[in-house]
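Peer 1: This is the structure I want to talk about, given as structure tokens.
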Amino acid sequence: MSGYWRWVLKRSAWVLLLLGAVSALLLPSLDDLRINTSPSTLILSDSPANLVHQKTRRIFGNDEVLLIGLTVDDLLHPDTLASIRQATWDIEAIPGVRRVLSLTNTLDILERDGAVEISSLIPESLEQLDPQALRARLRDNPLYKGELISSDLRTTSLLVFLEERSSRGEDQIFHLVANIRTAAAPLARLGHLFFGGVPEMEVAGMRNMIRDLWVFTPITVILVMVILALKFHSRRGVALPLLAIGLTLVCTLAAMVLGKFPLKPTTLVLPSLLIANGSSYTIHLLTHYYQCLLQAYDRISPDGQGQLTRKQYREILGESLQRAHRPIATSAFTTMAGFAALIFNRIPAIRDLGLFAVLGVFLSYLFCMHLIPAILVYLRVPPKHRISGHERSYRHTFFEKLGHFNLKHRRWIYVTAGLCAVLGLAGAFQVNVRTDYLGHFRDSAPVVQATRTFEEHLSGLSGFSIVIESRDQSPLTDPATLRAVDRIQQRLQNVPGVDRTLSIIDSMKLLNQALHQNRPAFYRFPGQQDILEEMLDLIESDPRELSREFLSEDHTALRILVRSSLFESTQLRALTDQVGQLAAPLLPPTTQLQTTGTLVLMNLTSDQLAREQVKSLLLSVTFIFTILIFLCRSFKVGLMCMIPAGLPVLMFFGLLGWGGLSLNVNTSVIAAIAIGIGVDNCIQYLVRFQRCRREGLSAQASARESLTRAGGPMSAAASVVALGFLVFGLSRFAPVSQFGLLSAFVMGFNLVTNLLLLPTLLLVVHGSARATDGQAPISPRESQ
């Protein structure tokens, strides 16, 4: 027993006190754990496109809009309008709401008695309302149709403009939308009430994440308990791993709270991930513990009737720590290396997963190797008949036969592995990088149904901005530039995917119509400079400053809002590219055009995923390969170990390609995670193989014996990890569901490669055909 582990066991009371005190101090902080599903967490914060977006928001205001839809048979009845007006006032009074635009507070421009009059569309006194005149006005005014009211005058929308996130806090969106829903709830008694927009999608995603966190984490714990019970058949074999895992979760999540990092769609899987990964370490530790006990019983009393003393028990416990430490520590560091590669990712949500997964894996190792032994030293010595893992067990027999199978059919194993590699590689070339934010939800989800209703009766909820800026800081209000903007909007109306456009030009057209006795034929852009100047003065005199949504205060920047029904990234990207190609030639050379918006930025992130994926994977492979070379003291052996760890990753990409699945923010991290976690069992087998070689066994005998000894804990550990991911396949949130299912597939395939392919590859390295005994060991270091 090394001096360090002797020191740990001797001071086990202090170890327990220290770890318990730290955990107890951190536990209350979990009350402040927050969840954030904001699209901003999936955006490259330092990208030029994001800088343009932030600049656009500073000039024109926040582009986040929550839309409230209402379908009523008699929408223009005074009682209905009174309820809409009251809801508008109530929502505007909510902190975090910048303003609300609805039928009851929007302005109308009319000509009366030779003068242009700007007044509310709906009179303040509803007793003065003329329903027939209002219907005629709504039908004659293109500015309202598709934005505030449907063509059949039965569906209306309330546009709720939200304040900037920096002023209301990232974690307040859930409460803000809940307050808006409460204020709008009375409208539900009038007809069909529905909510849409990116903020509503964000909150719906947050609800799913909270549900997943509270449902799937206990399910993962239950599955772990079942596997531990089947593996060890003892209370300590179940309770101690769960205690170590629980403290790991407490400390990791507390670190997120103290660092002000909320849970995001990527880090939502962290609890189950750490439960599964921590269980793997404790399974290997307890396996060594029980095997050392069995060996000690065999030494002192082959008939199994003897009893160990406390001193002997302490020595055996130290021996098991010495044996287990090297493979578990190496596994932990390789897993940390796999996650560490994600820290260099430019996407905040992925970077957070890498950072706290590294911390969580380290804590899993720390609690496994210190907390569990510190408790075991005080427990009574288990009698031999209560220890699992006897040589006559069915698991022992199964893996012994599997070892013979590997040696007999290794050529077929090589051929099968080669075919899998070819299949995976071919599928990898068909992988599409694609994100569909609306597609994260099931078709039956209320937010999806609401989005389809808006698309059917009003306009699509996917939007972006076309920003036109002056290169020389000259005003953009000259007739040539404004006429070009008008032509751009006219052409965009014929572009598939564009539902509606809106800019300062639409207000000018409405004014021009009012100047010509409200005749619809004059809803067009006026070309005279003097008339344009008067119109701008009149529009900008609005005390609500609605013109600032479309024209900057110094007139050097102008915005066209585009409403679309496209959410899928490749389609929306193609649309924005088409818009840029269509609009740019129409503008004067002194201007520049850019498209921006939250969904546009998410699409750019989708494009970046492929490059970030390659970078993360290369970093993971480099880190892990270096650790394996150090462990094996051999480049060849390290390479052979990377093959069974890398083949499941290649199959993962093949599954994406052949299955038509997309590489998105969540699925992009699977490869780097899998190669880090997947190498765990490889290391456990390799260390056993090294030990057998040092004991003088031939390469073939070492391969069989290592699989017999390590196959059980390898299978149990892999099962825990795979099931820990698999439970997330039940999630209603598509990114989490895909992540869980694909990760479980990779982990299951990794177990197969480690049980079948790895033993045969090590035989190639050691020239098993000669089957010589007593060859030089792989590493001169003794693992015990």
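By convention here, the chains of the structure tokens are called A, B, ... in the order presented, each chain's residues are numbered starting at 1, and ligands are numbered starting at 1 in the order presented.
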Residues near range 148-154 of chain A, anyone? I mean within 12 Å using only C-alpha atoms, not counting same-chain ones fewer than 6 positions away, as a ChimeraX atom specification.
Peer 2: /A:67-77,80,100-107,121,131-132,134-142,160,190-192,453-459
Peer 1: Residues of range 193-239 of chain A that have any atom at most 12 Å from an atom of range 281-300 of chain A: could you tabulate them with the shortest-distance atom pair and the distance in Å to one decimal, using only C-alpha atoms, ordered by chain and increasing number, as a tab-separated table?
Peer 2:
```
residue	atom	partner	partner_atom	distance
A:Val224	CA	A:Ile283	CA	10.4
A:Met225	CA	A:Ile283	CA	11.5
A:Ile227	CA	A:Ile283	CA	9.7
A:Leu228	CA	A:Ile283	CA	7.6
A:Ala229	CA	A:Ile283	CA	10.9
A:Leu230	CA	A:Ile283	CA	11.5
A:Lys231	CA	A:Ile283	CA	8.4
A:Phe232	CA	A:Thr287	CA	8.2
A:His233	CA	A:Tyr290	CA	11.4
A:Ser234	CA	A:Leu286	CA	11.0
A:Arg236	CA	A:Leu286	CA	9.5
A:Gly237	CA	A:Leu286	CA	7.1
A:Val238	CA	A:Ile283	CA	9.6
A:Ala239	CA	A:Thr282	CA	10.8
```
Peer 1: Would you export the selected residues with N, CA and C atoms as a PDB file, in the first residue's frame, please?
Peer 2:
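File selection01.pdb, as written:
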```
ATOM      1  N   VAL A 224     -29.339   3.144 -12.291  1.00  0.00           N
ATOM      2  CA  VAL A 224     -28.019   2.912 -11.696  1.00  0.00           C
ATOM      3  C   VAL A 224     -28.140   1.982 -10.491  1.00  0.00           C
ATOM      4  N   MET A 225     -29.149   2.220  -9.655  1.00  0.00           N
ATOM      5  CA  MET A 225     -29.351   1.359  -8.484  1.00  0.00           C
ATOM      6  C   MET A 225     -29.581  -0.095  -8.898  1.00  0.00           C
ATOM      7  N   ILE A 227     -28.584  -1.632 -11.671  1.00  0.00           N
ATOM      8  CA  ILE A 227     -27.348  -2.227 -12.198  1.00  0.00           C
ATOM      9  C   ILE A 227     -26.366  -2.504 -11.064  1.00  0.00           C
ATOM     10  N   LEU A 228     -26.251  -1.576 -10.122  1.00  0.00           N
ATOM     11  CA  LEU A 228     -25.349  -1.785  -8.989  1.00  0.00           C
ATOM     12  C   LEU A 228     -25.796  -2.972  -8.139  1.00  0.00           C
ATOM     13  N   ALA A 229     -27.096  -3.090  -7.950  1.00  0.00           N
ATOM     14  CA  ALA A 229     -27.610  -4.213  -7.154  1.00  0.00           C
ATOM     15  C   ALA A 229     -27.346  -5.545  -7.854  1.00  0.00           C
ATOM     16  N   LEU A 230     -27.540  -5.578  -9.156  1.00  0.00           N
ATOM     17  CA  LEU A 230     -27.276  -6.803  -9.905  1.00  0.00           C
ATOM     18  C   LEU A 230     -25.794  -7.139  -9.936  1.00  0.00           C
ATOM     19  N   LYS A 231     -24.979  -6.105  -9.930  1.00  0.00           N
ATOM     20  CA  LYS A 231     -23.541  -6.327 -10.013  1.00  0.00           C
ATOM     21  C   LYS A 231     -22.957  -6.783  -8.683  1.00  0.00           C
ATOM     22  N   PHE A 232     -23.317  -6.129  -7.569  1.00  0.00           N
ATOM     23  CA  PHE A 232     -22.628  -6.375  -6.298  1.00  0.00           C
ATOM     24  C   PHE A 232     -23.462  -7.135  -5.252  1.00  0.00           C
ATOM     25  N   HIS A 233     -24.771  -7.142  -5.390  1.00  0.00           N
ATOM     26  CA  HIS A 233     -25.635  -7.875  -4.454  1.00  0.00           C
ATOM     27  C   HIS A 233     -25.376  -7.457  -2.996  1.00  0.00           C
ATOM     28  N   SER A 234     -25.149  -6.185  -2.765  1.00  0.00           N
ATOM     29  CA  SER A 234     -24.902  -5.727  -1.397  1.00  0.00           C
ATOM     30  C   SER A 234     -25.393  -4.296  -1.242  1.00  0.00           C
ATOM     31  N   ARG A 236     -23.881  -1.909   0.499  1.00  0.00           N
ATOM     32  CA  ARG A 236     -22.778  -0.954   0.340  1.00  0.00           C
ATOM     33  C   ARG A 236     -22.439  -0.761  -1.138  1.00  0.00           C
ATOM     34  N   GLY A 237     -22.654  -1.794  -1.954  1.00  0.00           N
ATOM     35  CA  GLY A 237     -22.384  -1.696  -3.388  1.00  0.00           C
ATOM     36  C   GLY A 237     -23.361  -0.787  -4.105  1.00  0.00           C
ATOM     37  N   VAL A 238     -24.470  -0.471  -3.459  1.00  0.00           N
ATOM     38  CA  VAL A 238     -25.457   0.454  -4.031  1.00  0.00           C
ATOM     39  C   VAL A 238     -25.378   1.820  -3.365  1.00  0.00           C
ATOM     40  N   ALA A 239     -25.325   1.838  -2.044  1.00  0.00           N
ATOM     41  CA  ALA A 239     -25.403   3.101  -1.301  1.00  0.00           C
ATOM     42  C   ALA A 239     -24.161   3.969  -1.499  1.00  0.00           C
TER      43      ALA A 239
END
```
Peer 1: From a backbone DSSP assignment, name each residue in range 452-639 of chain A labelled helix (DSSP H, G or I), as a PyMOL selection string.
Peer 2: chain A and resi 452-457+479-492+504-515+520-522+529-540+546-549+569-586+598-632+635-639
Peer 1: Can I get the selected residues back with C-alpha atoms, as a short mmCIF file (atom, residue, chain, number, x, y, z; two decimals), in the first residue's frame?
Peer 2:
```cif
data_model
loop_
_atom_site.label_atom_id
_atom_site.label_comp_id
_atom_site.auth_asym_id
_atom_site.auth_seq_id
_atom_site.Cartn_x
_atom_site.Cartn_y
_atom_site.Cartn_z
CA ARG A 452 -49.04 27.34 -37.84
CA THR A 453 -52.14 29.36 -36.95
CA PHE A 454 -50.24 32.63 -37.31
CA GLU A 455 -48.89 31.47 -40.67
CA GLU A 456 -52.39 30.52 -41.88
CA HIS A 457 -54.26 33.64 -40.80
CA PRO A 479 -35.90 60.02 -53.07
CA ALA A 480 -33.50 57.69 -54.92
CA THR A 481 -32.66 55.62 -51.85
CA LEU A 482 -36.24 55.49 -50.56
CA ARG A 483 -37.51 54.53 -54.03
CA ALA A 484 -34.93 51.73 -54.08
CA VAL A 485 -36.23 50.50 -50.72
CA ASP A 486 -39.75 50.52 -52.13
CA ARG A 487 -38.64 48.44 -55.14
CA ILE A 488 -36.88 45.99 -52.81
CA GLN A 489 -40.07 45.47 -50.80
CA GLN A 490 -42.14 44.99 -53.94
CA ARG A 491 -39.76 42.34 -55.27
CA LEU A 492 -39.57 40.58 -51.91
CA ILE A 504 -40.81 53.38 -43.14
CA ILE A 505 -41.98 53.28 -46.77
CA ASP A 506 -45.29 51.70 -45.73
CA SER A 507 -46.09 54.67 -43.48
CA MET A 508 -45.25 57.03 -46.32
CA LYS A 509 -47.58 55.15 -48.66
CA LEU A 510 -50.37 55.40 -46.11
CA LEU A 511 -49.78 59.14 -45.80
CA ASN A 512 -49.82 59.52 -49.58
CA GLN A 513 -53.14 57.68 -49.70
CA ALA A 514 -54.55 60.05 -47.06
CA LEU A 515 -53.41 63.07 -49.08
CA PRO A 520 -56.55 52.93 -52.38
CA ALA A 521 -54.98 53.59 -55.79
CA PHE A 522 -52.65 56.13 -54.15
CA GLN A 529 -38.55 65.62 -52.27
CA ASP A 530 -40.65 68.28 -50.55
CA ILE A 531 -43.53 65.89 -49.96
CA LEU A 532 -41.13 63.26 -48.58
CA GLU A 533 -39.66 65.74 -46.10
CA GLU A 534 -43.11 66.75 -44.86
CA MET A 535 -44.08 63.10 -44.49
CA LEU A 536 -40.94 62.30 -42.49
CA ASP A 537 -41.55 65.24 -40.19
CA LEU A 538 -45.11 64.09 -39.62
CA ILE A 539 -44.13 60.45 -39.02
CA GLU A 540 -41.33 61.37 -36.62
CA LEU A 546 -42.56 54.18 -33.73
CA SER A 547 -40.47 55.43 -36.64
CA ARG A 548 -37.32 54.57 -34.67
CA GLU A 549 -38.13 50.92 -35.34
CA SER A 569 -31.58 26.88 -41.11
CA THR A 570 -30.70 25.86 -44.65
CA GLN A 571 -33.98 27.25 -46.01
CA LEU A 572 -33.72 30.49 -44.07
CA ARG A 573 -30.06 30.86 -45.06
CA ALA A 574 -30.98 30.42 -48.72
CA LEU A 575 -33.71 33.03 -48.31
CA THR A 576 -31.41 35.61 -46.73
CA ASP A 577 -28.81 35.00 -49.43
CA GLN A 578 -31.47 35.46 -52.11
CA VAL A 579 -32.67 38.65 -50.42
CA GLY A 580 -29.15 40.05 -50.38
CA GLN A 581 -28.58 39.21 -54.06
CA LEU A 582 -31.93 40.74 -55.02
CA ALA A 583 -31.66 43.93 -52.98
CA ALA A 584 -28.02 44.94 -53.31
CA PRO A 585 -28.12 45.89 -57.04
CA LEU A 586 -31.11 48.17 -56.47
CA THR A 598 -31.69 36.12 -33.94
CA LEU A 599 -32.55 33.25 -36.24
CA VAL A 600 -30.04 34.44 -38.84
CA LEU A 601 -27.32 34.30 -36.20
CA MET A 602 -28.41 30.80 -35.19
CA ASN A 603 -28.05 29.75 -38.82
CA LEU A 604 -24.53 31.16 -38.93
CA THR A 605 -23.81 29.14 -35.82
CA SER A 606 -25.10 26.08 -37.66
CA ASP A 607 -22.58 26.76 -40.44
CA GLN A 608 -19.82 27.08 -37.87
CA LEU A 609 -20.70 23.74 -36.28
CA ALA A 610 -18.86 21.66 -38.85
CA ARG A 611 -15.62 23.56 -38.32
CA GLU A 612 -16.03 23.59 -34.54
CA GLN A 613 -16.81 19.86 -34.59
CA VAL A 614 -13.60 19.07 -36.45
CA LYS A 615 -11.58 21.24 -34.08
CA SER A 616 -13.10 19.71 -30.94
CA LEU A 617 -12.68 16.18 -32.22
CA LEU A 618 -9.06 16.71 -33.23
CA LEU A 619 -8.29 18.22 -29.83
CA SER A 620 -10.00 15.31 -28.04
CA VAL A 621 -8.11 12.73 -30.08
CA THR A 622 -4.81 14.53 -29.53
CA PHE A 623 -5.28 14.82 -25.76
CA ILE A 624 -6.50 11.25 -25.32
CA PHE A 625 -3.91 9.73 -27.65
CA THR A 626 -1.16 11.46 -25.69
CA ILE A 627 -2.48 10.06 -22.41
CA LEU A 628 -2.73 6.56 -23.87
CA ILE A 629 0.84 6.68 -25.18
CA PHE A 630 2.01 7.74 -21.74
CA LEU A 631 0.01 4.93 -20.13
CA CYS A 632 1.11 2.22 -22.56
CA PHE A 635 2.86 4.39 -29.77
CA LYS A 636 1.53 1.17 -31.34
CA VAL A 637 -0.52 0.13 -28.34
CA GLY A 638 -1.88 3.65 -27.92
CA LEU A 639 -2.95 3.62 -31.57
#
```
Peer 1: Compile the contact shell of range 335-348 of chain A as a PDB file with C-alpha atoms, in the first residue's frame: residues with an atom at most 7 Å away, counting only C-alpha atoms, same-chain residues fewer than 4 positions apart removed.
Peer 2:
```
ATOM      1  CA  THR A  41     -26.538  30.792 -25.859  1.00  0.00           C
ATOM      2  CA  LEU A  42     -26.279  29.138 -29.286  1.00  0.00           C
ATOM      3  CA  ILE A  43     -24.780  32.181 -31.023  1.00  0.00           C
ATOM      4  CA  LEU A  44     -21.119  32.926 -31.663  1.00  0.00           C
ATOM      5  CA  SER A 331      -9.974   7.076 -17.370  1.00  0.00           C
ATOM      6  CA  ASP A 352     -20.203  25.577 -20.688  1.00  0.00           C
ATOM      7  CA  GLY A 354     -17.070  21.273 -21.592  1.00  0.00           C
ATOM      8  CA  LEU A 355     -16.121  23.400 -18.592  1.00  0.00           C
ATOM      9  CA  ALA A 357     -18.171  18.336 -17.393  1.00  0.00           C
ATOM     10  CA  VAL A 358     -14.417  18.565 -16.758  1.00  0.00           C
ATOM     11  CA  VAL A 361     -15.557  14.246 -13.912  1.00  0.00           C
ATOM     12  CA  GLU A 612     -16.026  23.585 -34.536  1.00  0.00           C
ATOM     13  CA  SER A 616     -13.102  19.711 -30.939  1.00  0.00           C
ATOM     14  CA  LEU A 619      -8.291  18.220 -29.827  1.00  0.00           C
ATOM     15  CA  SER A 620     -10.001  15.313 -28.043  1.00  0.00           C
ATOM     16  CA  PHE A 623      -5.284  14.821 -25.762  1.00  0.00           C
ATOM     17  CA  ILE A 624      -6.499  11.246 -25.319  1.00  0.00           C
ATOM     18  CA  ALA A 672     -15.873  14.600 -28.492  1.00  0.00           C
ATOM     19  CA  ILE A 673     -17.751  13.298 -25.436  1.00  0.00           C
ATOM     20  CA  ILE A 675     -14.303   9.356 -27.478  1.00  0.00           C
ATOM     21  CA  GLY A 676     -13.446  10.619 -23.984  1.00  0.00           C
ATOM     22  CA  ILE A 677     -15.928   8.462 -22.077  1.00  0.00           C
TER      23      ILE A 677
END
```
Peer 1: So how far away is CA of Ile91 in chain A from CA of Ile59 in chain A, in Å?
Peer 2: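 Result for CA of Ile59 in chain A versus CA of Ile91 in chain A: 24.4 Å, one decimal.
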Peer 1: Could you find all residues in range 45-258 of chain A that DSSP calls strand (DSSP E) from the backbone, and write them as number ranges by chain?
Peer 2: A: 65-71, 97-101, 107-112, 115-120, 155-162, 192-196
Peer 1: Grab the residues selected above and save them as a short mmCIF file (atom, residue, chain, number, x, y, z; two decimals), in the first residue's frame with N, CA and C atoms.
Peer 2:
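In the end it all went to again-v8.cif:
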```
data_model
loop_
_atom_site.label_atom_id
_atom_site.label_comp_id
_atom_site.auth_asym_id
_atom_site.auth_seq_id
_atom_site.Cartn_x
_atom_site.Cartn_y
_atom_site.Cartn_z
N VAL A 65 -40.02 39.78 -30.08
CA VAL A 65 -41.45 40.11 -30.02
C VAL A 65 -42.22 38.84 -29.66
N LEU A 66 -43.07 38.95 -28.64
CA LEU A 66 -44.00 37.88 -28.29
C LEU A 66 -45.33 38.23 -28.93
N LEU A 67 -45.89 37.31 -29.69
CA LEU A 67 -47.15 37.56 -30.39
C LEU A 67 -48.28 36.81 -29.73
N ILE A 68 -49.37 37.52 -29.50
CA ILE A 68 -50.57 36.93 -28.91
C ILE A 68 -51.66 36.95 -29.98
N GLY A 69 -52.16 35.80 -30.32
CA GLY A 69 -53.21 35.70 -31.33
C GLY A 69 -54.56 35.42 -30.72
N LEU A 70 -55.59 35.97 -31.34
CA LEU A 70 -56.96 35.78 -30.86
C LEU A 70 -57.89 35.65 -32.06
N THR A 71 -58.62 34.53 -32.10
CA THR A 71 -59.61 34.31 -33.16
C THR A 71 -61.00 34.35 -32.55
N VAL A 97 -41.72 44.77 -20.39
CA VAL A 97 -42.40 45.00 -21.67
C VAL A 97 -42.13 46.43 -22.11
N ARG A 98 -41.62 46.56 -23.34
CA ARG A 98 -41.31 47.89 -23.85
C ARG A 98 -42.57 48.60 -24.35
N ARG A 99 -43.33 47.90 -25.17
CA ARG A 99 -44.62 48.45 -25.62
C ARG A 99 -45.42 47.32 -26.24
N VAL A 100 -46.71 47.59 -26.45
CA VAL A 100 -47.62 46.62 -27.05
C VAL A 100 -48.34 47.31 -28.21
N LEU A 101 -48.44 46.64 -29.32
CA LEU A 101 -49.16 47.16 -30.48
C LEU A 101 -50.33 46.24 -30.75
N LEU A 107 -52.31 53.54 -34.68
CA LEU A 107 -52.76 54.81 -35.27
C LEU A 107 -53.22 54.61 -36.70
N ASP A 108 -54.10 55.49 -37.12
CA ASP A 108 -54.60 55.49 -38.49
C ASP A 108 -54.38 56.89 -39.08
N ILE A 109 -54.17 56.93 -40.37
CA ILE A 109 -53.93 58.19 -41.07
C ILE A 109 -55.04 58.38 -42.09
N LEU A 110 -55.80 59.45 -41.92
CA LEU A 110 -56.94 59.73 -42.79
C LEU A 110 -56.94 61.19 -43.22
N GLU A 111 -57.63 61.44 -44.33
CA GLU A 111 -57.83 62.81 -44.77
C GLU A 111 -59.27 63.21 -44.44
N ARG A 112 -59.38 64.30 -43.69
CA ARG A 112 -60.70 64.82 -43.35
C ARG A 112 -60.70 66.33 -43.58
N ALA A 115 -57.50 68.03 -44.72
CA ALA A 115 -56.31 67.96 -43.87
C ALA A 115 -56.06 66.51 -43.46
N VAL A 116 -54.76 66.19 -43.29
CA VAL A 116 -54.38 64.86 -42.86
C VAL A 116 -54.52 64.78 -41.35
N GLU A 117 -55.19 63.73 -40.92
CA GLU A 117 -55.43 63.55 -39.49
C GLU A 117 -54.87 62.21 -39.03
N ILE A 118 -54.04 62.25 -37.97
CA ILE A 118 -53.50 61.02 -37.38
C ILE A 118 -54.19 60.81 -36.05
N SER A 119 -54.90 59.69 -35.95
CA SER A 119 -55.66 59.40 -34.73
C SER A 119 -55.69 57.89 -34.53
N SER A 120 -56.24 57.48 -33.40
CA SER A 120 -56.35 56.06 -33.10
C SER A 120 -57.32 55.40 -34.07
N THR A 155 -59.29 37.14 -36.97
CA THR A 155 -58.10 36.86 -36.16
C THR A 155 -57.27 38.14 -36.04
N THR A 156 -56.88 38.44 -34.83
CA THR A 156 -56.03 39.61 -34.59
C THR A 156 -54.81 39.19 -33.77
N SER A 157 -53.82 40.05 -33.75
CA SER A 157 -52.62 39.77 -32.95
C SER A 157 -52.25 40.98 -32.13
N LEU A 158 -51.70 40.71 -30.97
CA LEU A 158 -51.10 41.75 -30.12
C LEU A 158 -49.59 41.52 -30.15
N LEU A 159 -48.84 42.52 -30.57
CA LEU A 159 -47.39 42.42 -30.67
C LEU A 159 -46.78 43.01 -29.40
N VAL A 160 -46.13 42.15 -28.62
CA VAL A 160 -45.54 42.57 -27.35
C VAL A 160 -44.03 42.70 -27.55
N PHE A 161 -43.54 43.93 -27.55
CA PHE A 161 -42.11 44.20 -27.73
C PHE A 161 -41.43 44.18 -26.36
N LEU A 162 -40.40 43.38 -26.23
CA LEU A 162 -39.74 43.19 -24.94
C LEU A 162 -38.52 44.10 -24.81
N HIS A 192 -60.44 31.68 -29.42
CA HIS A 192 -59.20 30.89 -29.39
C HIS A 192 -58.01 31.81 -29.17
N LEU A 193 -57.32 31.62 -28.04
CA LEU A 193 -56.16 32.44 -27.68
C LEU A 193 -54.90 31.60 -27.84
N PHE A 194 -53.87 32.16 -28.49
CA PHE A 194 -52.63 31.40 -28.71
C PHE A 194 -51.44 32.37 -28.70
N PHE A 195 -50.27 31.80 -28.40
CA PHE A 195 -49.06 32.59 -28.21
C PHE A 195 -47.95 32.05 -29.12
N GLY A 196 -47.14 32.96 -29.68
CA GLY A 196 -46.05 32.55 -30.56
C GLY A 196 -44.89 33.51 -30.51
#
```
Peer 1: Residues near Val562 in chain A, anyone? I mean within 8 Å using only C-alpha atoms, not counting same-chain ones fewer than 6 positions away, as an mmCIF file with N, CA and C atoms, in the first residue's frame.
Peer 2:
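File result-v8.cif, as written:
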```
data_model
loop_
_atom_site.group_PDB
_atom_site.id
_atom_site.type_symbol
_atom_site.label_atom_id
_atom_site.label_comp_id
_atom_site.auth_asym_id
_atom_site.auth_seq_id
_atom_site.Cartn_x
_atom_site.Cartn_y
_atom_site.Cartn_z
ATOM 1 N N GLY A 463 -38.562 35.783 -38.462
ATOM 2 C CA GLY A 463 -38.284 37.096 -39.026
ATOM 3 C C GLY A 463 -36.824 37.460 -39.012
ATOM 4 N N PHE A 464 -36.466 38.384 -39.864
ATOM 5 C CA PHE A 464 -35.119 38.935 -39.865
ATOM 6 C C PHE A 464 -35.176 40.356 -40.400
ATOM 7 N N SER A 465 -34.079 41.058 -40.267
ATOM 8 C CA SER A 465 -34.013 42.465 -40.668
ATOM 9 C C SER A 465 -33.047 42.642 -41.828
ATOM 10 N N ILE A 466 -33.453 43.488 -42.759
ATOM 11 C CA ILE A 466 -32.545 43.957 -43.802
ATOM 12 C C ILE A 466 -32.116 45.363 -43.390
ATOM 13 N N VAL A 498 -41.250 34.560 -48.185
ATOM 14 C CA VAL A 498 -41.480 35.882 -47.601
ATOM 15 C C VAL A 498 -42.980 36.104 -47.481
ATOM 16 N N ASP A 499 -43.456 36.276 -46.269
ATOM 17 C CA ASP A 499 -44.891 36.498 -46.033
ATOM 18 C C ASP A 499 -45.241 37.981 -46.047
ATOM 19 N N ARG A 500 -44.319 38.797 -45.522
ATOM 20 C CA ARG A 500 -44.651 40.211 -45.371
ATOM 21 C C ARG A 500 -43.377 41.003 -45.118
ATOM 22 N N THR A 501 -43.353 42.244 -45.595
ATOM 23 C CA THR A 501 -42.254 43.157 -45.287
ATOM 24 C C THR A 501 -42.843 44.454 -44.728
ATOM 25 N N LEU A 502 -42.043 45.145 -43.951
ATOM 26 C CA LEU A 502 -42.508 46.378 -43.323
ATOM 27 C C LEU A 502 -41.330 47.324 -43.159
#
```
Peer 1: Could you give me, as a ChimeraX atom specification, the residues within 7 Å of range 209-216 of chain A, counting only C-alpha atoms and dropping anything in the same chain fewer than 6 positions from it?
Peer 2: /A:268,727-728,731
Peer 1: Find the distance between CA of Thr397 in chain A and CA of Arg694 in chain A and write it in Å to one decimal.
Peer 2: 23.7 Å
